[in-house]
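Report on one structure; see the data block that follows.
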Amino acid sequence: MKALCWHGANDIRCDEVPDPRIEHPRDAIVKVTSCAICGSDLHLFHNMIPAMLPGDIMGHETMGEVVEVGAGAKHSLKPGDRVVIPFTITCGECAQCQRGNYSVCERTNRKAALGEKLFGHPTAGLFGYTHLTGGYPGGQAEYLRVPFADSTHIKVPEGIPDEKLLFLSDILPTGWQAAVQCDIEPDDTVAIWGCGPVGQMAIRSAILLGAHQVIAIDCLPERLSMAAAAGAITIDFLHESVIERLNELTGGKGPQKCIDAIGTESHVSLSQPDTILDRAKQMTLMANDRPHALREMIYACRPAGVISVIGVYTGLIDKMPMGIAMNKGLTFRMAQAHVQRWTDDLLRRIEEGQIDPSFVITHNVDLAQGPEMYRLFRDKQDSCIKVVLKP
Ligand SMILES: [Zn+2]
Ligand SMILES: [Zn+2]
């Protein structure tokens, strides 16, 4: 089959690889009808996340049709079922899955020892991601083997196009969780740093959850106009002072709720001294992440406010203003999304027409064009916000 494979920094190729087959009774094989490139795939493309190996198949936003089911998954899946596959692999049985903490499932990381060494405890297995999270082949391919398939799937009805359902795999529940973690109250201002696909979903989620005012921060005109179309007030950080504008819009008090939809690779104007330092530290392996936006959020947030982190960080952060966060009494909430905790509700909202996440798609092309799309998405050319690939 054809699959998009990682071969090192900035090197993704569309390779011919062996078809996946059932390896365990709980497996299923899915024929992929649509998959997408995620912002976190770019972290791998940039080789920012350790423990990738040449030939690893990319992709964790996938949907399709079940074509084969192992004996241990037959009670919940059958060939012909239409499914969206969450990016997190979940056993459905461990103590964490039982509590709905799916992204920290205790059983699905098949390289748990590696995860444990770096994080203290292993986290869930993820598709198409680093070997720290199991090194499972991803879904930017014609077929996907789904481990723990009886638990790791979202059944979706016929009659709704892929484009409206595909993002249940990641960016919709991820953006939703970012907003839910804010415990939004009717008089809240929610400020969102980063208007990529997850930021866009968070903006719409915060509005749906009843925020008084949503402020979106980015520097790309196409992303800012998409945010404005949803009803957000926008700040272009290259041309305006984020702190000054946020204070202006909140009577000098700052937003009560701040969402980090950026993560490790925050882009800021190079005139910011902390950015130059972050880049130098990152290049010399003295720090893993560039947290300029997170620092800015801690300064901007109203005392006793909430910082909700959904952007992916990789390891150690330098110059974290902990004293400011502590004295202001900020609450930090963060996680890789617990996808299935939200998907029943979100699927219902899609069916009822409350949410149509397909608005974010700017490119819808053949899988073989994947390598070119990675470069386009990396360079933000052709107003690229979200790429969907059709195997
Ligand atoms: Zn993703
Ligand atoms: Zn589990």
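Each chain in the structure tokens gets a letter, A, B, ..., in the order shown, and its residues are numbered from 1; ligands are numbered from 1 in order too.
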At a cut-off of 9 Å, using only C-alpha atoms, what residues contact Cys94 (chain A)? Leave out same-chain residues fewer than 6 positions from it and give the result as number ranges by chain.
A: 105-107
Kindly export the residues of the current selection with C-alpha atoms, as a PDB file, in the first residue's frame.
```pdb
ATOM      1  CA  CYS A 105      -4.380   4.950  29.207  1.00  0.00           C
ATOM      2  CA  GLU A 106      -2.088   2.650  31.196  1.00  0.00           C
ATOM      3  CA  ARG A 107      -1.992  -0.269  28.787  1.00  0.00           C
TER       4      ARG A 107
END
```
Which residues come within 12 Å of Thr362 (chain A), counting only C-alpha atoms, excluding same-chain residues fewer than 4 positions away, as a PyMOL selection string?
chain A and resi 36-37+163+196-197+222-223+226+357-358+373+376-377+380-389
Nearest to Gln256 (chain A) among A:Gln340, A:Ser76, A:Thr314, A:Thr189, with distances taken over only C-alpha atoms: which residue is it?
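The shortest atom-to-atom distance to Gln256 (chain A) comes from A:Thr189.
Taking CA of His292 (chain A) and CA of Val360 (chain A) as endpoints, the distance between them is 25.6 Å.
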Chain A residues near ligand 1 within 6 Å, closest pair each, using only C-alpha atoms and all ligand atoms, as JSON lines:
```
{"residue": "A:Cys38", "atom": "CA", "partner": "ligand 1", "partner_atom_place_in_ligand_line": "1 (Zn)", "distance": 4.3}
{"residue": "A:Ser40", "atom": "CA", "partner": "ligand 1", "partner_atom_place_in_ligand_line": "1 (Zn)", "distance": 5.6}
{"residue": "A:Asp170", "atom": "CA", "partner": "ligand 1", "partner_atom_place_in_ligand_line": "1 (Zn)", "distance": 5.2}
{"residue": "A:Ile171", "atom": "CA", "partner": "ligand 1", "partner_atom_place_in_ligand_line": "1 (Zn)", "distance": 5.9}
```
Write the residues you've just listed into a file as a short mmCIF file (atom, residue, chain, number, x, y, z; two decimals), in the first residue's frame, and include N, CA, C and O atoms for each of them.
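Just written: selection31.cif:
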```cif
data_model
loop_
_atom_site.label_atom_id
_atom_site.label_comp_id
_atom_site.auth_asym_id
_atom_site.auth_seq_id
_atom_site.Cartn_x
_atom_site.Cartn_y
_atom_site.Cartn_z
N CYS A 38 -1.74 17.17 10.73
CA CYS A 38 -1.97 17.94 11.95
C CYS A 38 -0.77 18.84 12.24
O CYS A 38 0.35 18.52 11.84
N SER A 40 0.72 18.93 14.95
CA SER A 40 1.74 18.15 15.68
C SER A 40 2.54 17.25 14.74
O SER A 40 3.64 16.85 15.08
N ASP A 170 -9.28 14.22 16.34
CA ASP A 170 -8.31 15.01 17.10
C ASP A 170 -8.74 16.47 17.27
O ASP A 170 -9.17 16.86 18.36
N ILE A 171 -8.64 17.28 16.21
CA ILE A 171 -8.67 18.74 16.43
C ILE A 171 -9.98 19.26 17.01
O ILE A 171 -9.97 20.22 17.76
#
```
Produce a table with one row for each residue of chain A that has an atom at most 8 Å from any atom of ligand 2, each row naming the nearest atom pair and its distance in Å at one decimal; use only C-alpha atoms and all ligand atoms; arrange rows by chain and rising residue number; format as a Markdown table.
```
| residue | atom | partner | partner_atom_place_in_ligand_line | distance |
| --- | --- | --- | --- | --- |
| A:Thr90 | CA | ligand 2 | 1 (Zn) | 5.0 |
| A:Cys91 | CA | ligand 2 | 1 (Zn) | 3.9 |
| A:Gly92 | CA | ligand 2 | 1 (Zn) | 4.8 |
| A:Glu93 | CA | ligand 2 | 1 (Zn) | 5.2 |
| A:Cys94 | CA | ligand 2 | 1 (Zn) | 4.1 |
| A:Ala95 | CA | ligand 2 | 1 (Zn) | 6.8 |
| A:Gln96 | CA | ligand 2 | 1 (Zn) | 5.8 |
| A:Cys97 | CA | ligand 2 | 1 (Zn) | 4.3 |
| A:Gln98 | CA | ligand 2 | 1 (Zn) | 7.3 |
| A:Tyr102 | CA | ligand 2 | 1 (Zn) | 6.4 |
| A:Val104 | CA | ligand 2 | 1 (Zn) | 7.4 |
| A:Cys105 | CA | ligand 2 | 1 (Zn) | 3.7 |
| A:Glu106 | CA | ligand 2 | 1 (Zn) | 5.1 |
| A:Arg107 | CA | ligand 2 | 1 (Zn) | 5.3 |
| A:Thr108 | CA | ligand 2 | 1 (Zn) | 6.6 |
| A:Ala124 | CA | ligand 2 | 1 (Zn) | 7.6 |
```
Any chance you can output those residues with N, CA, C and O atoms as a compact mmCIF listing (two decimals), in the first residue's frame?
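The result, stored in selection-v9.txt:
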```
# COMPACT_ATOMS: atom_id res chain seq x y z
N THR A 90 -6.78 3.43 23.08
CA THR A 90 -7.30 3.25 24.43
C THR A 90 -7.75 1.81 24.66
O THR A 90 -8.36 1.20 23.78
N CYS A 91 -7.44 1.29 25.85
CA CYS A 91 -7.82 -0.10 26.15
C CYS A 91 -9.27 -0.17 26.62
O CYS A 91 -9.92 -1.20 26.50
N GLY A 92 -9.77 0.93 27.20
CA GLY A 92 -11.16 0.96 27.67
C GLY A 92 -11.37 0.26 29.00
O GLY A 92 -12.48 0.25 29.52
N GLU A 93 -10.30 -0.30 29.58
CA GLU A 93 -10.47 -1.13 30.79
C GLU A 93 -9.64 -0.66 31.98
O GLU A 93 -10.00 -0.93 33.12
N CYS A 94 -8.51 0.00 31.73
CA CYS A 94 -7.61 0.34 32.85
C CYS A 94 -8.27 1.43 33.72
O CYS A 94 -9.28 2.02 33.34
N ALA A 95 -7.64 1.71 34.86
CA ALA A 95 -8.22 2.67 35.80
C ALA A 95 -8.37 4.05 35.14
O ALA A 95 -9.36 4.75 35.38
N GLN A 96 -7.41 4.45 34.31
CA GLN A 96 -7.50 5.77 33.67
C GLN A 96 -8.61 5.81 32.63
O GLN A 96 -9.38 6.77 32.57
N CYS A 97 -8.71 4.77 31.78
CA CYS A 97 -9.80 4.73 30.79
C CYS A 97 -11.15 4.75 31.51
O CYS A 97 -12.08 5.42 31.06
N GLN A 98 -11.24 4.01 32.62
CA GLN A 98 -12.50 3.97 33.37
C GLN A 98 -12.92 5.36 33.84
O GLN A 98 -14.09 5.65 33.96
N TYR A 102 -8.49 9.14 28.82
CA TYR A 102 -8.04 8.23 27.76
C TYR A 102 -6.62 8.48 27.28
O TYR A 102 -5.93 7.54 26.91
N VAL A 104 -4.09 9.08 28.84
CA VAL A 104 -3.08 8.50 29.72
C VAL A 104 -3.44 7.05 30.05
O VAL A 104 -3.12 6.53 31.13
N CYS A 105 -4.09 6.38 29.08
CA CYS A 105 -4.38 4.95 29.21
C CYS A 105 -3.10 4.22 29.64
O CYS A 105 -2.02 4.49 29.13
N GLU A 106 -3.27 3.30 30.60
CA GLU A 106 -2.09 2.65 31.20
C GLU A 106 -1.59 1.45 30.41
O GLU A 106 -0.55 0.89 30.73
N ARG A 107 -2.35 1.00 29.40
CA ARG A 107 -1.99 -0.27 28.79
C ARG A 107 -1.58 -0.21 27.33
O ARG A 107 -1.11 -1.21 26.80
N THR A 108 -1.83 0.89 26.63
CA THR A 108 -1.68 0.84 25.18
C THR A 108 -0.32 1.30 24.66
O THR A 108 -0.04 1.14 23.48
N ALA A 124 -0.62 7.13 26.97
CA ALA A 124 -1.27 6.23 26.00
C ALA A 124 -0.45 6.07 24.73
O ALA A 124 0.34 6.94 24.37
```
When you look at Ala337 (chain A) with a cut-off of 12 Å (counting only C-alpha atoms), what residues show up, excluding the ones that are within fewer than 4 positions of it in the same chain? I need them as a JSON list (two decimals) with C-alpha atoms, in the first residue's frame.
```
[["chain", "number", "residue", "atom", "x", "y", "z"],
["A", 86, "PRO", "CA", -9.13, 8.71, 17.76],
["A", 87, "PHE", "CA", -5.44, 9.68, 17.81],
["A", 88, "THR", "CA", -5.11, 8.08, 21.24],
["A", 89, "ILE", "CA", -5.14, 4.28, 21.48],
["A", 100, "GLY", "CA", -12.31, 8.96, 31.00],
["A", 101, "ASN", "CA", -8.61, 9.92, 31.11],
["A", 102, "TYR", "CA", -8.04, 8.23, 27.76],
["A", 103, "SER", "CA", -4.83, 9.99, 26.70],
["A", 104, "VAL", "CA", -3.08, 8.50, 29.72],
["A", 105, "CYS", "CA", -4.38, 4.95, 29.21],
["A", 123, "THR", "CA", 1.11, 7.72, 28.59],
["A", 124, "ALA", "CA", -1.27, 6.23, 26.00],
["A", 126, "LEU", "CA", -0.62, 7.28, 19.86],
["A", 168, "LEU", "CA", -13.56, 13.99, 15.67],
["A", 169, "SER", "CA", -10.22, 12.11, 15.56],
["A", 170, "ASP", "CA", -8.31, 15.01, 17.10],
["A", 171, "ILE", "CA", -8.67, 18.74, 16.43],
["A", 172, "LEU", "CA", -12.37, 19.10, 17.29],
["A", 173, "PRO", "CA", -12.28, 17.32, 20.68],
["A", 174, "THR", "CA", -8.85, 18.87, 21.32],
["A", 175, "GLY", "CA", -10.16, 22.42, 20.76],
["A", 176, "TRP", "CA", -13.30, 21.54, 22.71],
["A", 177, "GLN", "CA", -11.32, 20.23, 25.69],
["A", 178, "ALA", "CA", -9.20, 23.41, 25.65],
["A", 179, "ALA", "CA", -12.40, 25.41, 26.13],
["A", 180, "VAL", "CA", -14.01, 23.00, 28.62],
["A", 181, "GLN", "CA", -10.85, 23.15, 30.79],
["A", 198, "VAL", "CA", -6.96, 23.51, 16.99],
["A", 308, "SER", "CA", -5.55, 25.91, 29.54],
["A", 309, "VAL", "CA", -2.70, 24.27, 27.62],
["A", 310, "ILE", "CA", -3.61, 22.06, 24.68],
["A", 311, "GLY", "CA", -0.64, 22.86, 22.38],
["A", 312, "VAL", "CA", 1.95, 20.10, 22.53],
["A", 333, "ARG", "CA", -5.05, 22.69, 33.18],
["A", 341, "ARG", "CA", -14.67, 11.72, 26.62],
["A", 342, "TRP", "CA", -16.19, 14.31, 24.25],
["A", 343, "THR", "CA", -17.09, 12.55, 21.01]]
```
For the contact check between region 307-382 of chain A and region 8-16 of chain A, emit one row per residue of region 307-382 of chain A within 12 Å, containing the shortest atom pair and the distance in Å rounded to one decimal, counting only C-alpha atoms, chain then rising number order, as JSON lines.
```
{"residue": "A:Asp366", "atom": "CA", "partner": "A:Cys14", "partner_atom": "CA", "distance": 11.0}
{"residue": "A:Leu367", "atom": "CA", "partner": "A:Cys14", "partner_atom": "CA", "distance": 7.9}
{"residue": "A:Ala368", "atom": "CA", "partner": "A:Cys14", "partner_atom": "CA", "distance": 5.9}
{"residue": "A:Gln369", "atom": "CA", "partner": "A:Cys14", "partner_atom": "CA", "distance": 8.0}
{"residue": "A:Gly370", "atom": "CA", "partner": "A:Cys14", "partner_atom": "CA", "distance": 7.0}
{"residue": "A:Pro371", "atom": "CA", "partner": "A:Ile12", "partner_atom": "CA", "distance": 5.4}
{"residue": "A:Glu372", "atom": "CA", "partner": "A:Ile12", "partner_atom": "CA", "distance": 8.8}
{"residue": "A:Met373", "atom": "CA", "partner": "A:Ile12", "partner_atom": "CA", "distance": 10.0}
{"residue": "A:Tyr374", "atom": "CA", "partner": "A:Ile12", "partner_atom": "CA", "distance": 7.7}
{"residue": "A:Arg375", "atom": "CA", "partner": "A:Asn10", "partner_atom": "CA", "distance": 7.8}
{"residue": "A:Leu376", "atom": "CA", "partner": "A:Asn10", "partner_atom": "CA", "distance": 11.6}
{"residue": "A:Phe377", "atom": "CA", "partner": "A:Asn10", "partner_atom": "CA", "distance": 11.7}
{"residue": "A:Arg378", "atom": "CA", "partner": "A:Asn10", "partner_atom": "CA", "distance": 9.2}
{"residue": "A:Asp379", "atom": "CA", "partner": "A:Asn10", "partner_atom": "CA", "distance": 11.4}
```
Please write the residues from the selection above to a file, keeping C-alpha atoms, as a PDB file, in the first residue's frame.
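Once everything was written out, this is result-v5.pdb:
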```pdb
ATOM      1  CA  ASP A 366      -4.663  12.856  -3.125  1.00  0.00           C
ATOM      2  CA  LEU A 367      -2.483  11.025  -0.551  1.00  0.00           C
ATOM      3  CA  ALA A 368       0.425  10.952  -3.027  1.00  0.00           C
ATOM      4  CA  GLN A 369       0.597  14.760  -2.814  1.00  0.00           C
ATOM      5  CA  GLY A 370       1.263  14.443   0.941  1.00  0.00           C
ATOM      6  CA  PRO A 371       4.996  15.277   0.892  1.00  0.00           C
ATOM      7  CA  GLU A 372       4.312  18.479  -1.050  1.00  0.00           C
ATOM      8  CA  MET A 373       1.444  19.335   1.352  1.00  0.00           C
ATOM      9  CA  TYR A 374       3.771  18.974   4.373  1.00  0.00           C
ATOM     10  CA  ARG A 375       6.048  21.622   2.841  1.00  0.00           C
ATOM     11  CA  LEU A 376       3.113  23.861   1.942  1.00  0.00           C
ATOM     12  CA  PHE A 377       1.681  23.594   5.480  1.00  0.00           C
ATOM     13  CA  ARG A 378       5.141  24.160   7.042  1.00  0.00           C
ATOM     14  CA  ASP A 379       5.687  27.332   4.986  1.00  0.00           C
TER      15      ASP A 379
END
```
Pairwise distance for CA of Ser151 (chain A) and CA of Lys74 (chain A), rounded to one decimal in Å
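Going from CA of Ser151 (chain A) over to CA of Lys74 (chain A), I get 11.2 Å.
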Residue contacts of region 32-34 of chain A (12 Å, only C-alpha atoms) excluding same-chain residues fewer than 6 positions away, as a ChimeraX atom specification:
/A:1-3,59-67,82-85,138-146,161-167,169,364-367,387-391
File dump, residues just selected, N, CA and C atoms, as a compact mmCIF listing (two decimals), in the first residue's frame:
```txt
# COMPACT_ATOMS: atom_id res chain seq x y z
N MET A 1 0.84 -1.20 0.00
CA MET A 1 0.00 0.00 0.00
C MET A 1 0.88 1.24 0.00
N LYS A 2 0.24 2.38 -0.29
CA LYS A 2 0.95 3.67 -0.21
C LYS A 2 0.80 4.25 1.20
N ALA A 3 1.88 4.86 1.69
CA ALA A 3 1.83 5.50 3.01
C ALA A 3 2.85 6.63 3.05
N GLY A 59 0.71 10.12 10.74
CA GLY A 59 -0.73 10.37 10.69
C GLY A 59 -1.52 9.85 11.88
N HIS A 60 -2.35 10.74 12.46
CA HIS A 60 -3.18 10.32 13.59
C HIS A 60 -4.60 10.90 13.48
N GLU A 61 -4.94 11.42 12.31
CA GLU A 61 -6.32 11.91 12.10
C GLU A 61 -6.85 11.13 10.91
N THR A 62 -7.63 10.09 11.20
CA THR A 62 -7.95 9.10 10.18
C THR A 62 -9.38 8.62 10.34
N MET A 63 -10.03 8.35 9.21
CA MET A 63 -11.32 7.65 9.25
C MET A 63 -11.44 6.74 8.04
N GLY A 64 -12.38 5.82 8.11
CA GLY A 64 -12.55 4.91 6.99
C GLY A 64 -13.54 3.81 7.29
N GLU A 65 -13.34 2.70 6.57
CA GLU A 65 -14.27 1.58 6.67
C GLU A 65 -13.54 0.36 7.21
N VAL A 66 -14.15 -0.30 8.18
CA VAL A 66 -13.56 -1.51 8.75
C VAL A 66 -13.61 -2.61 7.69
N VAL A 67 -12.43 -3.25 7.43
CA VAL A 67 -12.43 -4.33 6.44
C VAL A 67 -12.11 -5.70 7.06
N ARG A 82 -18.50 2.15 9.51
CA ARG A 82 -17.81 3.41 9.21
C ARG A 82 -17.29 3.98 10.54
N VAL A 83 -15.99 4.24 10.61
CA VAL A 83 -15.39 4.66 11.88
C VAL A 83 -14.43 5.83 11.71
N VAL A 84 -14.39 6.67 12.74
CA VAL A 84 -13.32 7.64 12.91
C VAL A 84 -12.40 7.06 13.98
N ILE A 85 -11.09 7.17 13.77
CA ILE A 85 -10.15 6.59 14.72
C ILE A 85 -9.52 7.70 15.56
N GLY A 138 0.98 5.08 11.57
CA GLY A 138 -0.13 6.02 11.52
C GLY A 138 -1.07 5.81 10.35
N GLY A 139 -2.00 6.73 10.20
CA GLY A 139 -3.09 6.58 9.26
C GLY A 139 -3.01 7.42 8.00
N GLN A 140 -1.85 8.04 7.73
CA GLN A 140 -1.70 8.70 6.42
C GLN A 140 -1.26 7.62 5.45
N ALA A 141 -2.19 6.75 5.13
CA ALA A 141 -1.90 5.52 4.40
C ALA A 141 -3.21 4.98 3.83
N GLU A 142 -3.09 3.94 3.00
CA GLU A 142 -4.31 3.36 2.43
C GLU A 142 -5.05 2.49 3.45
N TYR A 143 -4.27 1.85 4.35
CA TYR A 143 -4.87 1.01 5.39
C TYR A 143 -4.21 1.30 6.73
N LEU A 144 -4.98 1.09 7.79
CA LEU A 144 -4.46 1.31 9.15
C LEU A 144 -4.80 0.11 10.03
N ARG A 145 -3.79 -0.40 10.74
CA ARG A 145 -4.08 -1.40 11.77
C ARG A 145 -4.44 -0.65 13.04
N VAL A 146 -5.61 -0.95 13.60
CA VAL A 146 -6.05 -0.29 14.82
C VAL A 146 -5.92 -1.27 15.98
N PRO A 161 -20.82 13.68 5.12
CA PRO A 161 -19.53 13.56 4.43
C PRO A 161 -18.34 13.42 5.40
N ASP A 162 -17.29 12.72 4.94
CA ASP A 162 -16.06 12.54 5.73
C ASP A 162 -15.59 13.86 6.34
N GLU A 163 -15.64 14.92 5.54
CA GLU A 163 -15.05 16.20 5.94
C GLU A 163 -15.69 16.75 7.23
N LYS A 164 -16.94 16.39 7.49
CA LYS A 164 -17.60 16.89 8.71
C LYS A 164 -17.28 16.01 9.92
N LEU A 165 -16.81 14.78 9.68
CA LEU A 165 -16.62 13.81 10.76
C LEU A 165 -15.16 13.57 11.12
N LEU A 166 -14.28 13.72 10.11
CA LEU A 166 -12.87 13.34 10.26
C LEU A 166 -12.22 13.96 11.50
N PHE A 167 -12.58 15.23 11.81
CA PHE A 167 -11.86 15.94 12.87
C PHE A 167 -12.30 15.53 14.27
N SER A 169 -11.42 12.88 15.21
CA SER A 169 -10.22 12.11 15.56
C SER A 169 -9.28 12.90 16.45
N ASN A 364 -7.69 19.77 -0.13
CA ASN A 364 -8.26 18.43 -0.10
C ASN A 364 -7.72 17.71 -1.33
N VAL A 365 -6.70 16.87 -1.13
CA VAL A 365 -5.95 16.34 -2.28
C VAL A 365 -5.65 14.84 -2.11
N ASP A 366 -5.03 14.27 -3.14
CA ASP A 366 -4.66 12.86 -3.13
C ASP A 366 -3.51 12.60 -2.14
N LEU A 367 -3.53 11.40 -1.52
CA LEU A 367 -2.48 11.03 -0.55
C LEU A 367 -1.08 11.21 -1.12
N VAL A 387 -4.97 20.48 5.77
CA VAL A 387 -4.91 19.59 4.59
C VAL A 387 -5.61 18.27 4.90
N VAL A 388 -6.53 17.89 4.01
CA VAL A 388 -7.14 16.55 4.05
C VAL A 388 -6.58 15.76 2.87
N LEU A 389 -6.23 14.49 3.13
CA LEU A 389 -5.65 13.63 2.09
C LEU A 389 -6.59 12.46 1.83
N LYS A 390 -6.73 12.12 0.53
CA LYS A 390 -7.60 11.01 0.14
C LYS A 390 -6.73 9.87 -0.42
N PRO A 391 -6.64 8.76 0.28
CA PRO A 391 -5.87 7.64 -0.26
C PRO A 391 -6.57 7.06 -1.50
```
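Closest to Thr264 (chain A) among A:Arg279, A:Cys219, A:Gly231, A:Leu346 is A:Arg279, based on only C-alpha atoms.
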Considering only C-alpha atoms, state which residue in the set A:Asp81, A:Asp356, A:Asp41, A:Asp218 is at the smallest distance from Arg204 (chain A).
A:Asp356
What's the 9 Å shell around Leu77 (chain A), counting only C-alpha atoms, without same-chain residues fewer than 4 positions away, as a PDB file with all heavy atoms, in the first residue's frame?
```
ATOM      1  N   ALA A  28      -8.189  -4.379  14.448  1.00  0.00           N
ATOM      2  CA  ALA A  28      -9.022  -4.317  13.234  1.00  0.00           C
ATOM      3  C   ALA A  28      -8.212  -3.608  12.161  1.00  0.00           C
ATOM      4  O   ALA A  28      -7.280  -2.853  12.462  1.00  0.00           O
ATOM      5  CB  ALA A  28     -10.318  -3.558  13.504  1.00  0.00           C
ATOM      6  N   VAL A  66     -14.148  -0.299   8.183  1.00  0.00           N
ATOM      7  CA  VAL A  66     -13.556  -1.514   8.753  1.00  0.00           C
ATOM      8  C   VAL A  66     -13.608  -2.613   7.693  1.00  0.00           C
ATOM      9  O   VAL A  66     -14.654  -2.855   7.094  1.00  0.00           O
ATOM     10  CB  VAL A  66     -14.340  -1.952  10.011  1.00  0.00           C
ATOM     11  CG1 VAL A  66     -13.812  -3.281  10.544  1.00  0.00           C
ATOM     12  CG2 VAL A  66     -14.256  -0.869  11.085  1.00  0.00           C
ATOM     13  N   VAL A  69     -11.691  -7.749  11.126  1.00  0.00           N
ATOM     14  CA  VAL A  69     -11.775  -7.606  12.582  1.00  0.00           C
ATOM     15  C   VAL A  69     -11.223  -8.856  13.244  1.00  0.00           C
ATOM     16  O   VAL A  69     -11.590  -9.983  12.877  1.00  0.00           O
ATOM     17  CB  VAL A  69     -13.251  -7.402  13.028  1.00  0.00           C
ATOM     18  CG1 VAL A  69     -13.327  -7.147  14.526  1.00  0.00           C
ATOM     19  CG2 VAL A  69     -13.896  -6.250  12.271  1.00  0.00           C
ATOM     20  N   ALA A  73     -12.315  -8.468  18.891  1.00  0.00           N
ATOM     21  CA  ALA A  73     -12.970  -7.160  18.718  1.00  0.00           C
ATOM     22  C   ALA A  73     -14.325  -7.305  18.047  1.00  0.00           C
ATOM     23  O   ALA A  73     -15.024  -6.319  17.804  1.00  0.00           O
ATOM     24  CB  ALA A  73     -12.075  -6.236  17.900  1.00  0.00           C
ATOM     25  N   ASP A  81     -18.369  -1.360   8.921  1.00  0.00           N
ATOM     26  CA  ASP A  81     -18.639  -0.244   9.841  1.00  0.00           C
ATOM     27  C   ASP A  81     -17.843   0.991   9.412  1.00  0.00           C
ATOM     28  O   ASP A  81     -16.679   0.895   9.026  1.00  0.00           O
ATOM     29  CB  ASP A  81     -18.232  -0.606  11.278  1.00  0.00           C
ATOM     30  CG  ASP A  81     -19.244  -1.524  11.962  1.00  0.00           C
ATOM     31  OD1 ASP A  81     -20.368  -1.664  11.442  1.00  0.00           O
ATOM     32  OD2 ASP A  81     -18.899  -2.101  13.008  1.00  0.00           O
ATOM     33  N   ALA A 149      -8.914  -2.283  18.956  1.00  0.00           N
ATOM     34  CA  ALA A 149      -9.916  -1.670  18.079  1.00  0.00           C
ATOM     35  C   ALA A 149     -11.315  -1.698  18.680  1.00  0.00           C
ATOM     36  O   ALA A 149     -12.136  -0.825  18.387  1.00  0.00           O
ATOM     37  CB  ALA A 149      -9.925  -2.380  16.732  1.00  0.00           C
ATOM     38  N   ASP A 150     -11.596  -2.699  19.542  1.00  0.00           N
ATOM     39  CA  ASP A 150     -12.937  -2.745  20.138  1.00  0.00           C
ATOM     40  C   ASP A 150     -13.198  -1.505  20.988  1.00  0.00           C
ATOM     41  O   ASP A 150     -14.341  -1.083  21.154  1.00  0.00           O
ATOM     42  CB  ASP A 150     -13.112  -4.027  20.969  1.00  0.00           C
ATOM     43  CG  ASP A 150     -11.996  -4.232  21.975  1.00  0.00           C
ATOM     44  OD1 ASP A 150     -10.815  -3.980  21.634  1.00  0.00           O
ATOM     45  OD2 ASP A 150     -12.288  -4.633  23.107  1.00  0.00           O
ATOM     46  N   LYS A 155     -17.855   5.089  16.152  1.00  0.00           N
ATOM     47  CA  LYS A 155     -18.739   4.715  15.038  1.00  0.00           C
ATOM     48  C   LYS A 155     -19.496   5.946  14.568  1.00  0.00           C
ATOM     49  O   LYS A 155     -20.012   6.709  15.392  1.00  0.00           O
ATOM     50  CB  LYS A 155     -19.727   3.651  15.504  1.00  0.00           C
ATOM     51  CG  LYS A 155     -19.261   2.259  15.124  1.00  0.00           C
ATOM     52  CD  LYS A 155     -20.322   1.211  15.380  1.00  0.00           C
ATOM     53  CE  LYS A 155     -19.580  -0.068  15.769  1.00  0.00           C
ATOM     54  NZ  LYS A 155     -20.423  -1.088  16.336  1.00  0.00           N
TER      55      LYS A 155
END
```
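Using only C-alpha atoms, the smallest distance between any of A:Thr130, A:Thr152, A:Asn109, A:Leu4 and His338 (chain A) comes from A:Thr152.
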